[in-house]
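Shown below: protein-v4.cif, with mmCIF, C-alpha atoms.
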data_start
#
loop_
_atom_site.label_atom_id
_atom_site.label_comp_id
_atom_site.auth_asym_id
_atom_site.auth_seq_id
_atom_site.Cartn_x
_atom_site.Cartn_y
_atom_site.Cartn_z
CA MET A 23 78.73 104.78 110.71
CA PHE A 24 75.50 103.10 111.62
CA MET A 25 72.49 101.60 109.89
CA GLY A 26 69.08 103.03 110.66
CA LYS A 27 65.57 103.57 109.41
CA VAL A 28 64.43 106.94 108.12
CA VAL A 29 61.52 107.98 110.33
CA GLY A 30 61.03 111.60 109.36
CA THR A 31 62.09 114.74 107.54
CA VAL A 32 63.24 118.02 109.09
CA TRP A 33 62.12 121.35 107.69
CA SER A 34 63.62 124.68 108.66
CA THR A 35 63.44 128.18 107.27
CA VAL A 36 66.09 129.88 109.37
CA LYS A 37 69.43 128.21 108.88
CA TRP A 38 73.10 128.79 108.33
CA GLU A 39 73.79 129.93 104.77
CA GLY A 40 75.83 126.89 103.80
CA LEU A 41 72.95 124.57 104.60
CA HIS A 42 70.58 125.89 101.95
CA GLY A 43 69.62 123.16 99.51
CA LEU A 44 70.49 120.34 101.89
CA LYS A 45 67.72 117.98 102.94
CA PHE A 46 67.69 116.64 106.50
CA LEU A 47 66.22 113.36 107.71
CA VAL A 48 65.58 111.86 111.12
CA VAL A 49 67.16 108.39 111.27
CA ARG A 50 66.59 105.87 114.04
CA PRO A 51 69.65 103.62 114.52
CA TYR A 52 69.11 99.86 114.60
CA HIS A 53 69.84 98.13 117.89
CA LEU A 54 71.11 94.56 118.21
CA ALA A 55 67.67 93.68 119.64
CA ASP A 56 66.18 94.63 116.23
CA LEU A 57 68.71 92.70 114.14
CA ALA A 58 69.89 89.64 116.08
CA PRO A 59 68.21 89.44 119.51
CA HIS A 60 69.65 85.95 120.12
CA LEU A 61 73.11 87.51 120.45
CA LEU A 62 72.12 89.65 123.41
CA VAL A 63 73.43 87.78 126.42
CA ARG A 64 71.31 89.77 128.78
CA PRO A 65 68.44 92.04 127.91
CA THR A 66 69.78 95.55 127.66
CA PRO A 67 67.56 98.21 129.15
CA TYR A 68 65.16 99.35 126.47
CA THR A 69 65.98 102.92 125.65
CA MET A 70 64.15 105.55 123.68
CA TYR A 71 66.41 105.49 120.66
CA ASP A 72 67.87 108.81 119.73
CA GLY A 73 66.78 110.07 116.37
CA VAL A 74 69.85 111.28 114.49
CA VAL A 75 69.43 114.24 112.15
CA ALA A 76 71.40 113.45 109.01
CA ALA A 77 71.93 115.44 105.80
CA ASP A 78 70.89 113.58 102.67
CA VAL A 79 72.00 114.07 99.07
CA LEU A 80 70.92 110.62 97.84
CA GLY A 81 67.16 111.12 98.04
CA ALA A 82 66.27 108.67 100.82
CA GLY A 83 62.70 108.73 102.10
CA PRO A 84 60.76 107.65 105.17
CA GLY A 85 60.70 103.89 105.72
CA GLU A 86 63.99 103.26 103.93
CA ASP A 87 67.05 101.80 105.63
CA VAL A 88 70.17 103.92 105.26
CA ILE A 89 73.81 104.04 106.33
CA VAL A 90 74.80 107.26 108.10
CA ALA A 91 78.38 108.48 108.50
CA TYR A 92 79.56 110.88 111.18
CA GLY A 93 82.05 113.69 111.44
CA HIS A 94 84.50 114.58 108.70
CA SER A 95 83.16 111.75 106.54
CA ALA A 96 79.68 113.28 106.70
CA ARG A 97 81.03 116.60 105.41
CA VAL A 98 82.94 114.76 102.67
CA ALA A 99 79.70 112.98 101.69
CA VAL A 100 77.75 116.15 100.84
CA GLU A 101 80.55 118.09 99.14
CA PRO A 102 82.05 117.88 95.67
CA GLU A 103 85.85 118.10 95.74
CA LEU A 104 86.78 121.73 96.41
CA PRO A 105 89.50 123.64 94.57
CA ASP A 106 92.73 124.94 96.13
CA GLY A 107 93.00 122.09 98.63
CA LYS A 108 90.09 123.46 100.63
CA LEU A 109 88.45 121.11 103.06
CA PRO A 110 84.71 120.50 103.43
CA SER A 111 83.39 122.80 106.12
CA ARG A 112 79.62 122.83 106.07
CA PRO A 113 78.30 122.63 109.63
CA ILE A 114 76.94 119.09 109.59
CA ASP A 115 78.20 116.01 111.43
CA ALA A 116 75.95 113.24 110.10
CA ALA A 117 75.05 112.36 106.50
CA VAL A 118 73.39 109.53 104.60
CA VAL A 119 76.05 107.73 102.53
CA ALA A 120 74.04 104.76 101.24
CA ILE A 121 70.47 103.52 100.88
CA VAL A 122 70.36 99.87 101.95
CA ASP A 123 68.99 97.28 99.49
CA HIS A 124 69.50 94.30 101.69
CA TYR A 125 71.25 93.19 104.85
CA HIS A 126 72.04 89.79 106.24
CA VAL A 127 72.59 89.01 109.91
CA GLU A 128 73.85 85.79 111.41
CA SER A 129 70.98 83.52 112.34
CA ALA A 130 70.51 81.67 115.61
CA ALA A 131 71.36 78.41 113.80
CA GLN A 132 74.63 79.82 112.45
CA ASP A 133 75.47 81.04 115.91
CA GLU A 134 75.25 77.53 117.30
CA ALA A 135 77.25 75.96 114.48
CA MET B 2 89.23 101.76 118.66
CA MET B 3 86.63 99.41 120.00
CA LEU B 4 86.16 95.66 120.07
CA GLY B 5 83.18 94.25 118.20
CA ARG B 6 81.75 91.11 116.76
CA VAL B 7 80.84 90.90 113.09
CA VAL B 8 77.14 89.98 112.96
CA GLY B 9 76.14 90.78 109.40
CA GLU B 10 76.70 92.39 106.02
CA VAL B 11 74.96 95.25 104.20
CA TRP B 12 74.45 95.80 100.48
CA ALA B 13 73.50 99.05 98.80
CA THR B 14 73.41 100.10 95.15
CA ARG B 15 72.31 103.71 95.70
CA LYS B 16 75.30 105.14 97.52
CA ASN B 17 77.80 107.94 97.61
CA PRO B 18 80.33 107.33 94.78
CA ARG B 19 83.14 107.81 97.31
CA ILE B 20 82.26 104.46 98.95
CA GLU B 21 82.05 102.51 95.69
CA GLY B 22 83.53 99.04 96.10
CA ARG B 23 83.65 99.10 99.89
CA LYS B 24 82.40 96.10 101.83
CA ALA B 25 80.12 97.10 104.72
CA LEU B 26 79.83 94.95 107.83
CA LEU B 27 77.43 95.16 110.76
CA VAL B 28 79.50 95.03 113.94
CA ALA B 29 77.98 94.58 117.40
CA VAL B 30 79.95 96.59 119.98
CA LEU B 31 81.37 94.42 122.77
CA GLY B 32 81.58 95.56 126.38
CA GLN B 33 83.36 93.99 129.32
CA ASP B 34 80.71 92.41 131.51
CA GLY B 35 82.58 91.10 134.54
CA GLU B 36 84.91 88.49 133.08
CA LYS B 37 83.11 88.19 129.77
CA ARG B 38 82.89 90.36 126.71
CA THR B 39 79.27 90.66 125.68
CA PRO B 40 77.37 92.79 123.17
CA THR B 41 76.22 96.12 124.54
CA GLY B 42 73.38 96.26 122.02
CA GLU B 43 74.89 99.02 119.93
CA VAL B 44 75.51 98.10 116.29
CA VAL B 45 77.81 100.02 113.96
CA VAL B 46 78.64 99.77 110.27
CA ALA B 47 82.35 99.42 109.47
CA PHE B 48 84.10 99.02 106.12
CA ASP B 49 86.34 96.00 105.79
CA SER B 50 89.50 95.56 103.76
CA ILE B 51 91.11 92.59 105.50
CA GLY B 52 88.53 89.83 105.04
CA ALA B 53 86.62 89.84 108.33
CA ARG B 54 83.62 87.52 108.33
CA ILE B 55 80.51 86.91 110.42
CA GLY B 56 81.49 85.61 113.86
CA HIS B 57 84.94 87.25 113.89
CA THR B 58 85.94 89.50 116.76
CA VAL B 59 87.42 92.67 115.29
CA ALA B 60 88.92 95.98 116.36
CA VAL B 61 87.25 98.93 114.65
CA ALA B 62 89.04 102.24 114.13
CA TRP B 63 87.10 105.51 114.05
CA GLY B 64 87.40 108.86 112.35
CA SER B 65 90.70 109.79 110.75
CA GLY B 66 92.09 106.49 112.07
CA ALA B 67 89.53 104.73 109.88
CA ARG B 68 90.47 106.87 106.88
CA ALA B 69 94.10 105.91 107.44
CA VAL B 70 93.13 102.24 107.01
CA PHE B 71 91.99 102.96 103.46
CA ALA B 72 93.94 105.85 102.03
CA ALA B 73 97.03 106.95 103.89
CA PRO B 74 98.55 109.49 103.70
CA ASP B 75 96.22 111.88 101.84
CA ASN B 76 92.79 110.83 102.97
CA ARG B 77 91.02 114.16 103.20
CA TRP B 78 88.39 113.08 100.65
CA THR B 79 88.10 109.48 101.77
CA LEU B 80 84.61 108.67 103.01
CA VAL B 81 84.87 106.23 105.89
CA ASP B 82 84.38 106.87 109.61
CA ALA B 83 84.65 103.29 110.88
CA ALA B 84 86.95 100.59 109.51
CA VAL B 85 87.96 97.09 110.56
CA ALA B 86 91.59 97.59 111.57
CA ARG B 87 92.33 94.07 112.78
CA ILE B 88 90.83 90.65 113.32
CA VAL B 89 91.34 89.72 116.96
CA ASP B 90 92.77 86.31 117.88
CA ALA B 91 93.06 86.79 121.62
CA VAL B 92 92.77 89.45 124.28
CA LEU B 93 94.97 89.61 127.38
CA VAL B 94 93.02 90.66 130.46
CA GLU B 95 94.04 91.04 134.06
CA LYS B 96 92.33 88.64 136.40
CA ASP B 97 93.24 88.46 140.10
CA GLY B 98 96.48 90.30 139.42
CA LYS B 99 97.48 87.89 136.66
CA GLU B 100 97.38 88.29 132.93
CA VAL B 101 95.05 85.79 131.33
CA GLU B 102 94.77 85.19 127.60
CA GLU B 103 91.23 84.96 126.28
CA ARG B 104 91.15 83.44 122.83
CA GLU B 105 88.44 84.29 120.35
CA ASP B 106 86.75 81.48 118.41
#

Can the structure from this file be put into structure tokens for me?
Amino acid sequence: MFMGKVVGTVWSTVKWEGLHGLKFLVVRPYHLADLAPHLLVRPTPYTMYDGVVAADVLGAGPGEDVIVAYGHSARVAVEPELPDGKLPSRPIDAAVVAIVDHYHVESAAQDEA
Amino acid sequence: MMLGRVVGEVWATRKNPRIEGRKALLVAVLGQDGEKRTPTGEVVVAFDSIGARIGHTVAVAWGSGARAVFAAPDNRWTLVDAAVARIVDAVLVEKDGKEVEERED
């Protein structure tokens, strides 16, 4: 999982059947330079952060911070429990699992203590 | 699994019911930089069940390994893709052909 900021919404008309009704967001992952730059021992090369396309069933919107899960957990996140022991199989591999209220990162002062 | 340093905590009230009650930590991924382990800059969110705190070095398990931390053996509906699997006390590394123990603070 990672924490990121919602920076956009994806619209599409042609899609796989199982994806109808699912909303997709573009989420930009937070980098340590955004959260606690004092912990970076050496400046890491600034990269163009990849935007991750994540399915959303919680109703997150642009500007909000979210937690995104990958893989099997993402499919579990958008699916009610299926009968007959079936496993979630919609073709997604990233999904919003929480909308962040608040986060706390260790401060420079704490780091020295 | 990967080594990381716990750098923060996250709180959310609007969340998937399948992660109700989980404690979410921000973990900075550590890379081997010569003889030192330093943050690569990547930050992940991992659920914790063993009491890891800010400043701890931890090993994070991914995917079905992470689900196994929380709900073995039937974890098909468990929602977790990264979990703190252990709090690291020391790492043995090879230096000049010898094994050297590097203790974590």

- Message: Can you tell me which residues surround segment 44-51 of chain A at a distance of at most 9 Å, considering all atoms listed in the file, apart from same-chain residues fewer than 6 positions away, and format the answer as a PyMOL selection string?
- Response: (chain A and resi 24-33+71-79+81-84+87-88+90+100+117-118) or (chain B and resi 43-45)

- Message: Starting from the PyMOL selection byres ((chain B) within 8 of (chain A)), expand the selection into actual residues of this file and give them as an NGL selection string.
- Response: :B and (8-17 or 19-20 or 27 or 29 or 39-47 or 55-56 or 64 or 77-83)

Those selected residues, please, written with C-alpha atoms and delivered as a PDB file, in the frame of the given file.
ATOM      1  CA  VAL B   8      77.140  89.980 112.960  1.00  0.00           C
ATOM      2  CA  GLY B   9      76.140  90.780 109.400  1.00  0.00           C
ATOM      3  CA  GLU B  10      76.700  92.390 106.020  1.00  0.00           C
ATOM      4  CA  VAL B  11      74.960  95.250 104.200  1.00  0.00           C
ATOM      5  CA  TRP B  12      74.450  95.800 100.480  1.00  0.00           C
ATOM      6  CA  ALA B  13      73.500  99.050  98.800  1.00  0.00           C
ATOM      7  CA  THR B  14      73.410 100.100  95.150  1.00  0.00           C
ATOM      8  CA  ARG B  15      72.310 103.710  95.700  1.00  0.00           C
ATOM      9  CA  LYS B  16      75.300 105.140  97.520  1.00  0.00           C
ATOM     10  CA  ASN B  17      77.800 107.940  97.610  1.00  0.00           C
ATOM     11  CA  ARG B  19      83.140 107.810  97.310  1.00  0.00           C
ATOM     12  CA  ILE B  20      82.260 104.460  98.950  1.00  0.00           C
ATOM     13  CA  LEU B  27      77.430  95.160 110.760  1.00  0.00           C
ATOM     14  CA  ALA B  29      77.980  94.580 117.400  1.00  0.00           C
ATOM     15  CA  THR B  39      79.270  90.660 125.680  1.00  0.00           C
ATOM     16  CA  PRO B  40      77.370  92.790 123.170  1.00  0.00           C
ATOM     17  CA  THR B  41      76.220  96.120 124.540  1.00  0.00           C
ATOM     18  CA  GLY B  42      73.380  96.260 122.020  1.00  0.00           C
ATOM     19  CA  GLU B  43      74.890  99.020 119.930  1.00  0.00           C
ATOM     20  CA  VAL B  44      75.510  98.100 116.290  1.00  0.00           C
ATOM     21  CA  VAL B  45      77.810 100.020 113.960  1.00  0.00           C
ATOM     22  CA  VAL B  46      78.640  99.770 110.270  1.00  0.00           C
ATOM     23  CA  ALA B  47      82.350  99.420 109.470  1.00  0.00           C
ATOM     24  CA  ILE B  55      80.510  86.910 110.420  1.00  0.00           C
ATOM     25  CA  GLY B  56      81.490  85.610 113.860  1.00  0.00           C
ATOM     26  CA  GLY B  64      87.400 108.860 112.350  1.00  0.00           C
ATOM     27  CA  ARG B  77      91.020 114.160 103.200  1.00  0.00           C
ATOM     28  CA  TRP B  78      88.390 113.080 100.650  1.00  0.00           C
ATOM     29  CA  THR B  79      88.100 109.480 101.770  1.00  0.00           C
ATOM     30  CA  LEU B  80      84.610 108.670 103.010  1.00  0.00           C
ATOM     31  CA  VAL B  81      84.870 106.230 105.890  1.00  0.00           C
ATOM     32  CA  ASP B  82      84.380 106.870 109.610  1.00  0.00           C
ATOM     33  CA  ALA B  83      84.650 103.290 110.880  1.00  0.00           C
TER      34      ALA B  83
END

- Task: Work out how far atom CA of Ile114 of chain A is from atom CA of Val61 of chain B, in Å to one decimal.
- Result: 23.2 Å

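Pairwise distance (atom CA of His60 of chain A, atom CA of Leu31 of chain B) equals 14.7 Å.
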
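Residue nearest Met2 of chain B, chosen from B:Ser65, B:Ser50, B:Gln33, B:Asn76 and counting only C-alpha atoms: B:Ser65.
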
Go ahead and fit an axis-aligned box to every listed atom of segment 15-23 of chain B plus 3 Å each side, and pass me the centre and edge lengths in Å, one decimal, as AutoDock Vina command-line options.
--center_x 78.0 --center_y 103.5 --center_z 97.3 --size_x 17.3 --size_y 14.9 --size_z 11.1

- Message: Need to verify the contact set: Glu103 of chain B, 10 Å, only C-alpha atoms, exclusion of same-chain residues closer than 6 positions in sequence. Can you return it as a ChimeraX atom specification?
- Response: /B:36-38,90-94

- Message: One decimal, in Å: what's the spacing between atom CA of Leu4 of chain B and atom CA of Val59 of chain B?
- Response: 5.8 Å

- Query: Skipping near chain neighbours, those fewer than 4 positions away, what residues fall within 9 Å of Ile88 of chain B using all atoms listed in the file, listed as a PyMOL selection string?
  - Reply: chain B and resi 51-53+57-60

As an mmCIF file, in the frame of the given file, the rebuilt segment 58-74 of chain B with N, CA and C atoms:
data_model
loop_
_atom_site.group_PDB
_atom_site.id
_atom_site.type_symbol
_atom_site.label_atom_id
_atom_site.label_comp_id
_atom_site.auth_asym_id
_atom_site.auth_seq_id
_atom_site.Cartn_x
_atom_site.Cartn_y
_atom_site.Cartn_z
ATOM 1 N N THR B 58 85.767 88.343 115.882
ATOM 2 C CA THR B 58 85.940 89.500 116.760
ATOM 3 C C THR B 58 86.927 90.441 116.083
ATOM 4 N N VAL B 59 86.576 91.718 116.013
ATOM 5 C CA VAL B 59 87.420 92.670 115.290
ATOM 6 C C VAL B 59 87.648 93.922 116.129
ATOM 7 N N ALA B 60 88.703 94.650 115.782
ATOM 8 C CA ALA B 60 88.920 95.980 116.360
ATOM 9 C C ALA B 60 88.581 96.987 115.273
ATOM 10 N N VAL B 61 87.718 97.933 115.617
ATOM 11 C CA VAL B 61 87.250 98.930 114.650
ATOM 12 C C VAL B 61 87.886 100.279 114.984
ATOM 13 N N ALA B 62 88.459 100.907 113.962
ATOM 14 C CA ALA B 62 89.040 102.240 114.130
ATOM 15 C C ALA B 62 88.039 103.288 113.674
ATOM 16 N N TRP B 63 88.049 104.430 114.341
ATOM 17 C CA TRP B 63 87.100 105.510 114.050
ATOM 18 C C TRP B 63 87.789 106.705 113.401
ATOM 19 N N GLY B 64 86.973 107.520 112.788
ATOM 20 C CA GLY B 64 87.400 108.860 112.350
ATOM 21 C C GLY B 64 88.595 108.841 111.410
ATOM 22 N N SER B 65 89.569 109.707 111.678
ATOM 23 C CA SER B 65 90.700 109.790 110.750
ATOM 24 C C SER B 65 91.537 108.519 110.840
ATOM 25 N N GLY B 66 91.434 107.801 111.960
ATOM 26 C CA GLY B 66 92.090 106.490 112.070
ATOM 27 C C GLY B 66 91.500 105.514 111.056
ATOM 28 N N ALA B 67 90.195 105.600 110.854
ATOM 29 C CA ALA B 67 89.530 104.730 109.880
ATOM 30 C C ALA B 67 89.932 105.123 108.456
ATOM 31 N N ARG B 68 90.050 106.438 108.212
ATOM 32 C CA ARG B 68 90.470 106.870 106.880
ATOM 33 C C ARG B 68 91.883 106.397 106.581
ATOM 34 N N ALA B 69 92.713 106.349 107.621
ATOM 35 C CA ALA B 69 94.100 105.910 107.440
ATOM 36 C C ALA B 69 94.156 104.453 107.010
ATOM 37 N N VAL B 70 93.165 103.650 107.410
ATOM 38 C CA VAL B 70 93.130 102.240 107.010
ATOM 39 C C VAL B 70 93.006 102.139 105.492
ATOM 40 N N PHE B 71 92.281 103.081 104.887
ATOM 41 C CA PHE B 71 91.990 102.960 103.460
ATOM 42 C C PHE B 71 92.870 103.796 102.552
ATOM 43 N N ALA B 72 93.285 104.958 102.991
ATOM 44 C CA ALA B 72 93.940 105.850 102.030
ATOM 45 C C ALA B 72 95.017 106.713 102.650
ATOM 46 N N ALA B 73 95.938 106.140 103.377
ATOM 47 C CA ALA B 73 97.030 106.950 103.890
ATOM 48 C C ALA B 73 97.957 107.295 102.723
ATOM 49 N N PRO B 74 98.626 108.462 102.675
ATOM 50 C CA PRO B 74 98.550 109.490 103.700
ATOM 51 C C PRO B 74 97.529 110.587 103.386
#
